[in-house]
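Novice: After the structure tokens below, expect a handful of questions from me.
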Protein chains: 2
Amino acid sequence: MNEESRGRSGSNYKWVGKVTRRPDGVDKVTGRARYGDDMKLPGLLHAKVLRSPHAHAKILSIDTSKAAALKGVKGVVTSADIPDHPEMAPPYPPIINDLHDISRNVMAREKVLYDGHAVAAVAATTEAIAKQALKLIEVEYEVLAHVLDPIEAAKPDAPVLHEHLFTYGVDPKPEKPSNLFRTVNGGRGDVEKGFAEADVIVEREFSSEPVHQGYIEPLACVASASEDGSVELWTSTQGAFVARALCAKLLKMDIAMLRVTPSEIGGGFGGKTTIYGEPVAIRLSQMTGRPVRMVMSRSELFRASGPTLGSRSHIKIGVKRDGTVTAADVVLWHQSGAFKGSPTGRAMDTFFSSYTIENAKVTVHDVCVNRPKVAAYRAPGAPMAAYPVEMALNELAEKIGMDPIDLRAKNAVQDGGESLMGTKYGRIGLNEVLEAAKNHPHYAAPLGPNQGRGFALGYWMHGGGLSSASVNLQDDGTLSVATGNPDIGGSRSSMRAMAAEEMGIDIEAVKPIVADTGSLGYSHLTAGSRTTFATGMAVINCVREIMEKLCALAAKKWDIPGEDVRWDSGQAIAADSHDLPPLTLKELAGMATKMGGAIAGHSEINAGGAGAAFSAQLVDVEVDPETGFVKPLRYTVVQDVGRAISPDYVEGQMQGGAVQGIGWALNEEYVYGEDGRLQNNGFLDYRMPVASDVPMIDTVMIEVPNPNHPYGVRGVGEPCLVPAPAAVANAVENAIGKKMGSLPFSPPKVLKAMQRG
Amino acid sequence: MNEESRGRSGSNYKWVGKVTRRPDGVDKVTGRARYGDDMKLPGLLHAKVLRSPHAHAKILSIDTSKAAALKGVKGVVTSADIPDHPEMAPPYPPIINDLHDISRNVMAREKVLYDGHAVAAVAATTEAIAKQALKLIEVEYEVLAHVLDPIEAAKPDAPVLHEHLFTYGVDPKPEKPSNLFRTVNGGRGDVEKGFAEADVIVEREFSSEPVHQGYIEPLACVASASEDGSVELWTSTQGAFVARALCAKLLKMDIAMLRVTPSEIGGGFGGKTTIYGEPVAIRLSQMTGRPVRMVMSRSELFRASGPTLGSRSHIKIGVKRDGTVTAADVVLWHQSGAFKGSPTGRAMDTFFSSYTIENAKVTVHDVCVNRPKVAAYRAPGAPMAAYPVEMALNELAEKIGMDPIDLRAKNAVQDGGESLMGTKYGRIGLNEVLEAAKNHPHYAAPLGPNQGRGFALGYWMHGGGLSSASVNLQDDGTLSVATGNPDIGGSRSSMRAMAAEEMGIDIEAVKPIVADTGSLGYSHLTAGSRTTFATGMAVINCVREIMEKLCALAAKKWDIPGEDVRWDSGQAIAADSHDLPPLTLKELAGMATKMGGAIAGHSEINAGGAGAAFSAQLVDVEVDPETGFVKPLRYTVVQDVGRAISPDYVEGQMQGGAVQGIGWALNEEYVYGEDGRLQNNGFLDYRMPVASDVPMIDTVMIEVPNPNHPYGVRGVGEPCLVPAPAAVANAVENAIGKKMGSLPFSPPKVLKAMQRG
């Protein structure tokens, strides 16, 4: 193949950047899409889980005999049936990946550690029988004191969740176990000197509450285990390969013996990046010889699946009158839930990565508390790190009488700069994003009484990593594009667009498919905004392999040298000197199988270079002076999207991030009673924004292509959430003319702030 | 990778040739295996087909309005809803592959051509309603004269099935259409001269009846069509890619838009190599927007799915007293059923391919009759071609007083020889097979009264062709082996054995998977005994690619040149000079994803060189002199199996072929009434052998490895049927001391022959 064929770099695209028919649209609206529990198998059993009513207790005994004897009950599982992994590994955020912890999170072993912690599970012929059986299981507990707040939990006299968990990285090893299992530090320059140079210093405290991803489809799976040791699992997951690895390792199975088919997924937002019911369903299937379905109720999801972390923070920032930030010092407390591990690294990276601050110090404490283990939630860790920084910067801007966007621009990191944690930037779109926000009509629009405008800036370093793809050319010139990434935010659409663009064919001739783990190489999670970037790169590699094979086939057919053939607009074209008419894809595809075998491309990669993206957000709110109720009036998201492969999905991502940020900022929180039990475990009491709660979210897509991707992809799903809580909170502060710190800014808190002197 | 790593050629195998746990065993006996209609989808409709009660009739009108109005009926299909393909293509046996014909076979258009021909189909909420609706469809027929016998059908005054079908290859084109659509001829030498040189000539006539494959699982499928044009199909098929291609082309869909998942398959024997209900189910699903299940009843299978062809033949062979065959002339009439195309080429190739005959002439006539279109049945065409030849040779041996095996050995084709049709042989195992048969204790065992021993020799030229495979190495060193071939005769077992052998790892660390059409390259049918040969070669290619990548990874890890690393017994081994301990597969697999991406191998090939195999069979029978009932007493199959990768399956294949041959020889036949309607459309009246009808079938596996395959695979499923009907028939003749010619040798016919003067 002639080198000219490769690497389209222009922007004169036919499919990339165009709105096309959604590949998942029709099947989702007609109900044809198959979700987590849609696999109906003969003899299917229904599993239900008995959960702890205590926040913290020793399990003295479990008697399942009466439950097992109930007619219709086919199997009962406790931790005794889940292989133990007694060795504890160091914490790696944000995904729970220590088998010691996972085995205890999916089924409590020595202790229950939070309200809702799984204690036993039953598989029965009907869900009603399974529920009835749960009531017959007798568990003897020794209730222990519990702790919910990370700072309280870190104190030496706090109730200790894990007797064998000591603060990591302390030498010599501490004598006493501690819920504070890790403190990470970073920084540069001389903070004392920096503060001394400041004209104005702001020092404040903030907090945020755990919030749930609130995906529409609950965690749901069907497991079918064969007596020969092989297992099939259908599950609603962001990563079939990750679910497979975790289940296989936990259950001490050979990985190849477990085949995981990811279902169509009704939302994930990071919450479906680990396992909950899957290994329990597998064990129940192994014990009963029958397929087992497990679906968590909404109440179970709130009580026992990972929300994002809650945080407390202390921040101090100093600036000169000209806006130069001279020093910053932030301390953040993460509560990781009942098991160790929260996205501390992501928090560290996020604090000041949008800015060049010479003197900075950052500290994150990571603490276990008697709450469900946190899971990833869209840009894990970043919104809680951005929140105090952006709030403080807005106050500083106010104090020195500078426009808050100008303040950011003054300190903005530039192409070639580096983050506090040492990440080198390539070409980034920060300046363009700030400029667009500043010049947007929204920023100059007048405000009415009781109204306020907020601004915040967010940063996210995108993921790359392991992705695999196989693209198969059919006889008639159509393409099947198989990847291992569940399609959550439109990856089928973007794979299809890039494949069609690269090949130079009609987009409807490309069929994107999400494959199971049986026939494709390892593909990491659909998470970290990595899929269109990394898996897309694998797909492009596959298509290029096919183009090369087609050019070779044309050369063979024409009997001319391979380098005299180039691929253009879906055709093989011979060098002019040969005076040959082009061979179309369809013609070549029809010949392919007669000339050496089917034509396919395959790629297994570990993609790097996804790079950073920035999102600036403007929001107007109106506060009801009598109730403290906050109504968002207008919202604009400006974001560097690299290249919007499927712009409708990109806009959807930007809007979705903003909406979730509104929820975080104004309403969502877990309410625990004195007894450590969750009181608002349903959508009636846990208040997520619905359509009537939010205005139209305007989007401004800034395209600064990522030079490390053939189509400039950066990822778009996460930056849009990062600044959103801060932007909304800032708008509320501006509306009421008072400072607040504790998210969510729910009506009682706003009213209280307004009534403050 | 060092070249030493490649191409194991010894026979000191660890897994190849060993009996291991069946990969499909447990799931089949527990009922966990998912067959054609096991996909349960919400809103599933049940389809039933209205079938012609006439052997031959014009369709004047079809009124489906009353059926469509029945409560519960959601859709009705007639040929008007199936795209027409008015152009007729030339006949290519043995699979019906002319869209003109397929479109009319799946749904009659202008005429019905056989009893049971589909006329309309209904999809309803229950099967009972669908059946009821069929009774409300009003079809007006103009009944035409019909013809069932190929010689009758070829006569100029016979009723003509296709007004536009003329005898092919006749120049000028005949004036009148004819059911005799093709005559093929071949030969060499001078037959007249050969017969003049003969000392003894035998001239006889034979016939065989159509027989059904009788697979346990009926043809069954579930189709789900989306409004966006994509379709999913689950079906019991020998080739998901073939089913996809036929359905897509017939329905004028893009191939990539149709995803076909082959179910576990309850037998096929060639009968599931084309499509029947699939396109109708797809159309009904498209019309109703709901998934549609279609399962044919046993009666429908007999009436309307392809059996093997019926034949009539005339043979004349001459030999010298020393056993040299001097001349042979055979004329065979094939009836291809209602549409053109039967395996004439296979018949031509089979007649005399075991022998070196200097003067020979072969003719095959192919004729349409008012019976269901024939389909492939295990070694399609070969048993009917071998039957007259082997019967005549046995009579000649008798007449010249020569041992029948010696007669074959005298004329046996040798390594490097060629068939009558010009196929060059490489290394073949014919001599070894004949010698083993001659020396087998069975051949010398005494016979009692009314007992007879039969012998026959069979030949089959195996297929290669298009196969694809993907092998994925998991983190823990286990392997997923994905191929596109439904496992009918143990292909998962043989893929697993070859992958484990090649890689040098435990066989249980390899998981074979049959993939759907979405993620793998085109793979032709599991048929022609091609799968272990061709798809196995693709799997071996994949494993070698993985071994190469692992050696490269080890070299990188060790920082030594790639050529200093070889793969042996599941480990990368550095050249002695480096003094390094080996790196195990598990160690390397764990590193792989950290060093550039997941490790996988892929292969899409068009395999050639499968080569010929021979099967010699000995059978003893006892005939009841009062009833003519024949009881097989002893049966021995001697066969060149190349290399038996999974010997238990190979023995099963050899036994299965013999059992089917017993059925062909003694009992199985279609019985039509004067009205052209099938009278024995169920297993009570159509008598297949059951366990109590057959003796233990002894097997002798002769291993003469195929030099064109890394493990010497030849294929084994088909040669074992080829001589079986002749061997049994010969035994009956010897038991009663009379000649017979018309299969099956059922009790009335045997009695009649015994009573002959």
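So you can find residues: chains in the structure tokens are A, B, ... in the order shown, residues in each start at 1, and ligands are numbered from 1 in order.
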Write down, as a PDB file with N, CA and C atoms, in the first residue's frame, each residue of chain A that has any atom within 8 Å of an atom of chain B, counting only C-alpha atoms.
Specialist:
ATOM      1  N   VAL A  26     -32.729   2.682  18.108  1.00  0.00           N
ATOM      2  CA  VAL A  26     -33.999   1.982  17.900  1.00  0.00           C
ATOM      3  C   VAL A  26     -34.183   0.864  18.918  1.00  0.00           C
ATOM      4  N   ASP A  27     -33.141   0.077  19.125  1.00  0.00           N
ATOM      5  CA  ASP A  27     -33.303  -1.060  20.038  1.00  0.00           C
ATOM      6  C   ASP A  27     -33.559  -0.612  21.465  1.00  0.00           C
ATOM      7  N   ARG A  32     -35.981  -3.670  22.612  1.00  0.00           N
ATOM      8  CA  ARG A  32     -35.327  -4.858  22.075  1.00  0.00           C
ATOM      9  C   ARG A  32     -33.941  -5.077  22.693  1.00  0.00           C
ATOM     10  N   ASP A  38     -31.824  -9.926  31.129  1.00  0.00           N
ATOM     11  CA  ASP A  38     -32.723 -10.319  30.039  1.00  0.00           C
ATOM     12  C   ASP A  38     -32.421 -11.701  29.465  1.00  0.00           C
ATOM     13  N   MET A  39     -31.417 -12.371  29.994  1.00  0.00           N
ATOM     14  CA  MET A  39     -31.109 -13.710  29.494  1.00  0.00           C
ATOM     15  C   MET A  39     -32.004 -14.697  30.227  1.00  0.00           C
ATOM     16  N   LYS A  40     -32.944 -15.258  29.514  1.00  0.00           N
ATOM     17  CA  LYS A  40     -33.874 -16.213  30.133  1.00  0.00           C
ATOM     18  C   LYS A  40     -33.396 -17.624  29.818  1.00  0.00           C
ATOM     19  N   LEU A  41     -33.143 -18.374  30.862  1.00  0.00           N
ATOM     20  CA  LEU A  41     -32.632 -19.730  30.663  1.00  0.00           C
ATOM     21  C   LEU A  41     -33.551 -20.714  31.372  1.00  0.00           C
ATOM     22  N   SER A 226     -21.376 -24.598  34.640  1.00  0.00           N
ATOM     23  CA  SER A 226     -21.446 -26.006  34.239  1.00  0.00           C
ATOM     24  C   SER A 226     -20.642 -26.846  35.222  1.00  0.00           C
ATOM     25  N   GLU A 227     -21.025 -28.085  35.342  1.00  0.00           N
ATOM     26  CA  GLU A 227     -20.289 -29.008  36.208  1.00  0.00           C
ATOM     27  C   GLU A 227     -18.864 -29.218  35.716  1.00  0.00           C
ATOM     28  N   ASP A 228     -18.596 -28.859  34.489  1.00  0.00           N
ATOM     29  CA  ASP A 228     -17.233 -29.057  33.981  1.00  0.00           C
ATOM     30  C   ASP A 228     -16.310 -27.889  34.336  1.00  0.00           C
ATOM     31  N   ASP A 254      -9.810 -20.627  36.299  1.00  0.00           N
ATOM     32  CA  ASP A 254      -9.037 -20.224  35.129  1.00  0.00           C
ATOM     33  C   ASP A 254      -9.828 -19.148  34.384  1.00  0.00           C
ATOM     34  N   ILE A 255      -9.134 -18.107  33.976  1.00  0.00           N
ATOM     35  CA  ILE A 255      -9.843 -16.985  33.335  1.00  0.00           C
ATOM     36  C   ILE A 255     -10.585 -17.431  32.080  1.00  0.00           C
ATOM     37  N   ALA A 256      -9.944 -18.287  31.288  1.00  0.00           N
ATOM     38  CA  ALA A 256     -10.566 -18.692  30.025  1.00  0.00           C
ATOM     39  C   ALA A 256     -11.839 -19.507  30.236  1.00  0.00           C
ATOM     40  N   MET A 257     -12.024 -20.037  31.442  1.00  0.00           N
ATOM     41  CA  MET A 257     -13.215 -20.849  31.696  1.00  0.00           C
ATOM     42  C   MET A 257     -14.447 -19.997  31.982  1.00  0.00           C
ATOM     43  N   LEU A 466      -5.468  -0.633  27.706  1.00  0.00           N
ATOM     44  CA  LEU A 466      -5.618  -1.832  26.893  1.00  0.00           C
ATOM     45  C   LEU A 466      -6.950  -1.878  26.157  1.00  0.00           C
ATOM     46  N   SER A 467      -6.861  -2.009  24.856  1.00  0.00           N
ATOM     47  CA  SER A 467      -8.055  -2.168  24.041  1.00  0.00           C
ATOM     48  C   SER A 467      -7.764  -3.139  22.912  1.00  0.00           C
ATOM     49  N   SER A 468      -8.780  -3.878  22.536  1.00  0.00           N
ATOM     50  CA  SER A 468      -8.659  -4.828  21.427  1.00  0.00           C
ATOM     51  C   SER A 468      -9.834  -4.642  20.487  1.00  0.00           C
ATOM     52  N   SER A 470     -11.490  -6.310  16.540  1.00  0.00           N
ATOM     53  CA  SER A 470     -11.410  -7.109  15.313  1.00  0.00           C
ATOM     54  C   SER A 470     -12.406  -6.512  14.333  1.00  0.00           C
ATOM     55  N   VAL A 471     -11.944  -6.236  13.133  1.00  0.00           N
ATOM     56  CA  VAL A 471     -12.835  -5.739  12.087  1.00  0.00           C
ATOM     57  C   VAL A 471     -12.839  -6.756  10.966  1.00  0.00           C
ATOM     58  N   ASN A 472     -14.027  -7.196  10.592  1.00  0.00           N
ATOM     59  CA  ASN A 472     -14.149  -8.205   9.546  1.00  0.00           C
ATOM     60  C   ASN A 472     -14.856  -7.621   8.330  1.00  0.00           C
ATOM     61  N   LEU A 473     -14.207  -7.814   7.198  1.00  0.00           N
ATOM     62  CA  LEU A 473     -14.786  -7.347   5.930  1.00  0.00           C
ATOM     63  C   LEU A 473     -15.665  -8.450   5.373  1.00  0.00           C
ATOM     64  N   GLN A 474     -16.903  -8.116   5.076  1.00  0.00           N
ATOM     65  CA  GLN A 474     -17.812  -9.103   4.519  1.00  0.00           C
ATOM     66  C   GLN A 474     -17.718  -9.120   2.995  1.00  0.00           C
ATOM     67  N   ASP A 475     -18.182 -10.219   2.431  1.00  0.00           N
ATOM     68  CA  ASP A 475     -18.235 -10.410   0.970  1.00  0.00           C
ATOM     69  C   ASP A 475     -18.768  -9.233   0.173  1.00  0.00           C
ATOM     70  N   ASP A 476     -19.736  -8.539   0.753  1.00  0.00           N
ATOM     71  CA  ASP A 476     -20.413  -7.476   0.012  1.00  0.00           C
ATOM     72  C   ASP A 476     -19.816  -6.102   0.303  1.00  0.00           C
ATOM     73  N   THR A 478     -19.400  -4.741   3.272  1.00  0.00           N
ATOM     74  CA  THR A 478     -19.779  -4.167   4.561  1.00  0.00           C
ATOM     75  C   THR A 478     -18.794  -4.639   5.630  1.00  0.00           C
ATOM     76  N   LEU A 479     -18.742  -3.891   6.727  1.00  0.00           N
ATOM     77  CA  LEU A 479     -17.742  -4.152   7.770  1.00  0.00           C
ATOM     78  C   LEU A 479     -18.420  -4.458   9.097  1.00  0.00           C
ATOM     79  N   SER A 480     -17.944  -5.494   9.776  1.00  0.00           N
ATOM     80  CA  SER A 480     -18.350  -5.744  11.161  1.00  0.00           C
ATOM     81  C   SER A 480     -17.213  -5.280  12.056  1.00  0.00           C
ATOM     82  N   VAL A 481     -17.528  -4.384  12.966  1.00  0.00           N
ATOM     83  CA  VAL A 481     -16.512  -3.848  13.871  1.00  0.00           C
ATOM     84  C   VAL A 481     -16.806  -4.361  15.278  1.00  0.00           C
ATOM     85  N   ALA A 482     -15.959  -5.256  15.759  1.00  0.00           N
ATOM     86  CA  ALA A 482     -16.179  -5.830  17.082  1.00  0.00           C
ATOM     87  C   ALA A 482     -15.169  -5.263  18.067  1.00  0.00           C
ATOM     88  N   ALA A 509     -22.695   1.151   6.085  1.00  0.00           N
ATOM     89  CA  ALA A 509     -22.078  -0.123   5.692  1.00  0.00           C
ATOM     90  C   ALA A 509     -21.207  -0.692   6.811  1.00  0.00           C
ATOM     91  N   VAL A 510     -21.187   0.001   7.943  1.00  0.00           N
ATOM     92  CA  VAL A 510     -20.360  -0.438   9.075  1.00  0.00           C
ATOM     93  C   VAL A 510     -21.271  -0.807  10.242  1.00  0.00           C
ATOM     94  N   LYS A 511     -21.105  -2.010  10.744  1.00  0.00           N
ATOM     95  CA  LYS A 511     -21.946  -2.459  11.857  1.00  0.00           C
ATOM     96  C   LYS A 511     -21.068  -2.654  13.091  1.00  0.00           C
ATOM     97  N   ILE A 513     -20.267  -3.779  16.857  1.00  0.00           N
ATOM     98  CA  ILE A 513     -20.759  -4.846  17.732  1.00  0.00           C
ATOM     99  C   ILE A 513     -19.937  -4.861  19.016  1.00  0.00           C
ATOM    100  N   ALA A 515     -18.562  -7.249  21.596  1.00  0.00           N
ATOM    101  CA  ALA A 515     -18.354  -8.702  21.669  1.00  0.00           C
ATOM    102  C   ALA A 515     -18.203  -9.147  23.118  1.00  0.00           C
ATOM    103  N   GLY A 518     -15.161 -14.073  24.909  1.00  0.00           N
ATOM    104  CA  GLY A 518     -14.696 -15.344  24.352  1.00  0.00           C
ATOM    105  C   GLY A 518     -13.862 -15.228  23.095  1.00  0.00           C
ATOM    106  N   SER A 519     -14.066 -14.142  22.360  1.00  0.00           N
ATOM    107  CA  SER A 519     -13.442 -14.127  21.042  1.00  0.00           C
ATOM    108  C   SER A 519     -12.593 -12.892  20.781  1.00  0.00           C
ATOM    109  N   LEU A 520     -12.379 -12.079  21.804  1.00  0.00           N
ATOM    110  CA  LEU A 520     -11.635 -10.841  21.598  1.00  0.00           C
ATOM    111  C   LEU A 520     -10.563 -10.710  22.676  1.00  0.00           C
ATOM    112  N   GLY A 521      -9.532  -9.944  22.381  1.00  0.00           N
ATOM    113  CA  GLY A 521      -8.490  -9.703  23.368  1.00  0.00           C
ATOM    114  C   GLY A 521      -8.975  -8.766  24.466  1.00  0.00           C
ATOM    115  N   TYR A 522      -8.183  -8.750  25.528  1.00  0.00           N
ATOM    116  CA  TYR A 522      -8.538  -7.956  26.701  1.00  0.00           C
ATOM    117  C   TYR A 522      -8.801  -6.501  26.327  1.00  0.00           C
ATOM    118  N   THR A 593     -12.155 -13.829  -0.583  1.00  0.00           N
ATOM    119  CA  THR A 593     -12.157 -15.192  -0.064  1.00  0.00           C
ATOM    120  C   THR A 593     -11.637 -16.183  -1.106  1.00  0.00           C
ATOM    121  N   LYS A 594     -11.605 -15.753  -2.344  1.00  0.00           N
ATOM    122  CA  LYS A 594     -11.044 -16.639  -3.372  1.00  0.00           C
ATOM    123  C   LYS A 594      -9.531 -16.477  -3.463  1.00  0.00           C
ATOM    124  N   MET A 595      -8.993 -15.507  -2.772  1.00  0.00           N
ATOM    125  CA  MET A 595      -7.557 -15.229  -2.895  1.00  0.00           C
ATOM    126  C   MET A 595      -6.831 -15.296  -1.559  1.00  0.00           C
ATOM    127  N   GLY A 596      -7.064 -16.344  -0.798  1.00  0.00           N
ATOM    128  CA  GLY A 596      -6.225 -16.554   0.383  1.00  0.00           C
ATOM    129  C   GLY A 596      -6.897 -16.515   1.730  1.00  0.00           C
ATOM    130  N   GLY A 597      -8.181 -16.272   1.758  1.00  0.00           N
ATOM    131  CA  GLY A 597      -8.856 -16.275   3.056  1.00  0.00           C
ATOM    132  C   GLY A 597      -9.626 -14.996   3.272  1.00  0.00           C
ATOM    133  N   ALA A 598     -10.502 -15.024   4.257  1.00  0.00           N
ATOM    134  CA  ALA A 598     -11.296 -13.851   4.581  1.00  0.00           C
ATOM    135  C   ALA A 598     -10.364 -12.701   4.944  1.00  0.00           C
ATOM    136  N   ILE A 599     -10.855 -11.471   4.751  1.00  0.00           N
ATOM    137  CA  ILE A 599     -10.034 -10.298   5.062  1.00  0.00           C
ATOM    138  C   ILE A 599     -10.504  -9.675   6.370  1.00  0.00           C
ATOM    139  N   ALA A 600      -9.555  -9.525   7.280  1.00  0.00           N
ATOM    140  CA  ALA A 600      -9.872  -8.980   8.595  1.00  0.00           C
ATOM    141  C   ALA A 600      -8.699  -8.167   9.092  1.00  0.00           C
ATOM    142  N   HIS A 602      -6.998  -6.945  12.958  1.00  0.00           N
ATOM    143  CA  HIS A 602      -7.050  -7.170  14.411  1.00  0.00           C
ATOM    144  C   HIS A 602      -6.057  -6.254  15.091  1.00  0.00           C
ATOM    145  N   GLU A 604      -4.508  -5.336  19.186  1.00  0.00           N
ATOM    146  CA  GLU A 604      -4.498  -5.352  20.654  1.00  0.00           C
ATOM    147  C   GLU A 604      -3.448  -4.314  21.056  1.00  0.00           C
ATOM    148  N   ILE A 605      -3.889  -3.256  21.723  1.00  0.00           N
ATOM    149  CA  ILE A 605      -2.951  -2.166  22.029  1.00  0.00           C
ATOM    150  C   ILE A 605      -3.028  -1.744  23.493  1.00  0.00           C
ATOM    151  N   ASN A 606      -1.992  -1.029  23.878  1.00  0.00           N
ATOM    152  CA  ASN A 606      -1.994  -0.327  25.157  1.00  0.00           C
ATOM    153  C   ASN A 606      -1.763   1.137  24.800  1.00  0.00           C
TER     154      ASN A 606
END
Novice: Do a neighbour search on Ala67 (chain B) at 6 Å with only C-alpha atoms, toss out local chain neighbours closer than 4 positions, and write the hits as a PyMOL selection string.
Specialist: chain B and resi 133+136-137
Novice: Do you know which residues are at most 8 Å from region 56-58 of chain B counting only C-alpha atoms, after dropping those on the same chain fewer than 3 positions away, and could you put them as a PDB file with N, CA and C atoms, in the first residue's frame?
Specialist:
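Everything below was put into part32.pdb:
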ATOM      1  N   GLU B 110     -44.680 -19.274  -7.898  1.00  0.00           N
ATOM      2  CA  GLU B 110     -45.681 -19.527  -8.944  1.00  0.00           C
ATOM      3  C   GLU B 110     -46.393 -20.869  -8.735  1.00  0.00           C
ATOM      4  N   LYS B 111     -45.616 -21.845  -8.225  1.00  0.00           N
ATOM      5  CA  LYS B 111     -46.117 -23.221  -8.138  1.00  0.00           C
ATOM      6  C   LYS B 111     -45.666 -23.849  -6.830  1.00  0.00           C
ATOM      7  N   VAL B 112     -46.386 -24.881  -6.416  1.00  0.00           N
ATOM      8  CA  VAL B 112     -45.827 -25.773  -5.402  1.00  0.00           C
ATOM      9  C   VAL B 112     -45.246 -26.959  -6.144  1.00  0.00           C
ATOM     10  N   LEU B 113     -44.107 -27.445  -5.650  1.00  0.00           N
ATOM     11  CA  LEU B 113     -43.361 -28.448  -6.408  1.00  0.00           C
ATOM     12  C   LEU B 113     -43.224 -29.774  -5.686  1.00  0.00           C
ATOM     13  N   TYR B 114     -43.679 -29.810  -4.449  1.00  0.00           N
ATOM     14  CA  TYR B 114     -43.657 -31.094  -3.726  1.00  0.00           C
ATOM     15  C   TYR B 114     -44.611 -31.035  -2.546  1.00  0.00           C
ATOM     16  N   ASP B 115     -45.038 -32.181  -2.123  1.00  0.00           N
ATOM     17  CA  ASP B 115     -45.859 -32.291  -0.917  1.00  0.00           C
ATOM     18  C   ASP B 115     -45.078 -31.714   0.259  1.00  0.00           C
ATOM     19  N   TYR B 141     -55.483 -23.861  -5.781  1.00  0.00           N
ATOM     20  CA  TYR B 141     -54.459 -24.546  -6.574  1.00  0.00           C
ATOM     21  C   TYR B 141     -55.048 -25.039  -7.898  1.00  0.00           C
ATOM     22  N   GLU B 142     -54.194 -25.118  -8.886  1.00  0.00           N
ATOM     23  CA  GLU B 142     -54.551 -25.907 -10.075  1.00  0.00           C
ATOM     24  C   GLU B 142     -53.584 -27.090 -10.081  1.00  0.00           C
ATOM     25  N   VAL B 143     -54.122 -28.255  -9.727  1.00  0.00           N
ATOM     26  CA  VAL B 143     -53.252 -29.416  -9.538  1.00  0.00           C
ATOM     27  C   VAL B 143     -52.710 -29.885 -10.883  1.00  0.00           C
ATOM     28  N   LEU B 144     -51.408 -30.176 -10.898  1.00  0.00           N
ATOM     29  CA  LEU B 144     -50.738 -30.628 -12.115  1.00  0.00           C
ATOM     30  C   LEU B 144     -50.256 -32.063 -11.932  1.00  0.00           C
ATOM     31  N   ALA B 145     -50.003 -32.739 -13.027  1.00  0.00           N
ATOM     32  CA  ALA B 145     -49.417 -34.086 -12.947  1.00  0.00           C
ATOM     33  C   ALA B 145     -48.028 -33.967 -12.337  1.00  0.00           C
ATOM     34  N   HIS B 146     -47.630 -35.008 -11.607  1.00  0.00           N
ATOM     35  CA  HIS B 146     -46.338 -34.963 -10.939  1.00  0.00           C
ATOM     36  C   HIS B 146     -45.488 -36.153 -11.362  1.00  0.00           C
ATOM     37  N   LEU B 161     -41.278 -29.389 -14.207  1.00  0.00           N
ATOM     38  CA  LEU B 161     -41.359 -28.621 -12.963  1.00  0.00           C
ATOM     39  C   LEU B 161     -41.090 -27.137 -13.196  1.00  0.00           C
ATOM     40  N   ASN B 370     -40.695 -34.183  -8.304  1.00  0.00           N
ATOM     41  CA  ASN B 370     -41.591 -33.543  -7.324  1.00  0.00           C
ATOM     42  C   ASN B 370     -41.363 -34.103  -5.922  1.00  0.00           C
TER      43      ASN B 370
END
Novice: Give me the residues near region 342-349 of chain A as a PyMOL selection string, where near means some atom within 10 Å (using only C-alpha atoms) and where sequence neighbours in that chain fewer than 4 positions away do not count.
Specialist: chain A and resi 91-96+182-187+308-309+330+332-337+353-354+361-368+373-376+379-386+419-423+459-461
Novice: Find the residues around Pro83 (chain B) up to 8 Å (only C-alpha atoms counted), leave out those fewer than 3 positions away in its own chain, and share them as a list in words.
Specialist: Ser79, Ala80, Ser103, Leu250, Leu251 and Lys252 of chain B
Novice: Determine, counting only C-alpha atoms, which protein, DNA and RNA residues have an atom within 12 Å of an atom of Ile505 (chain A); residues of the same chain fewer than 6 positions away are not included. Present the result as a PyMOL selection string.
Specialist: chain A and resi 13-15+477-479+496-499+543+547+567-571+584-586
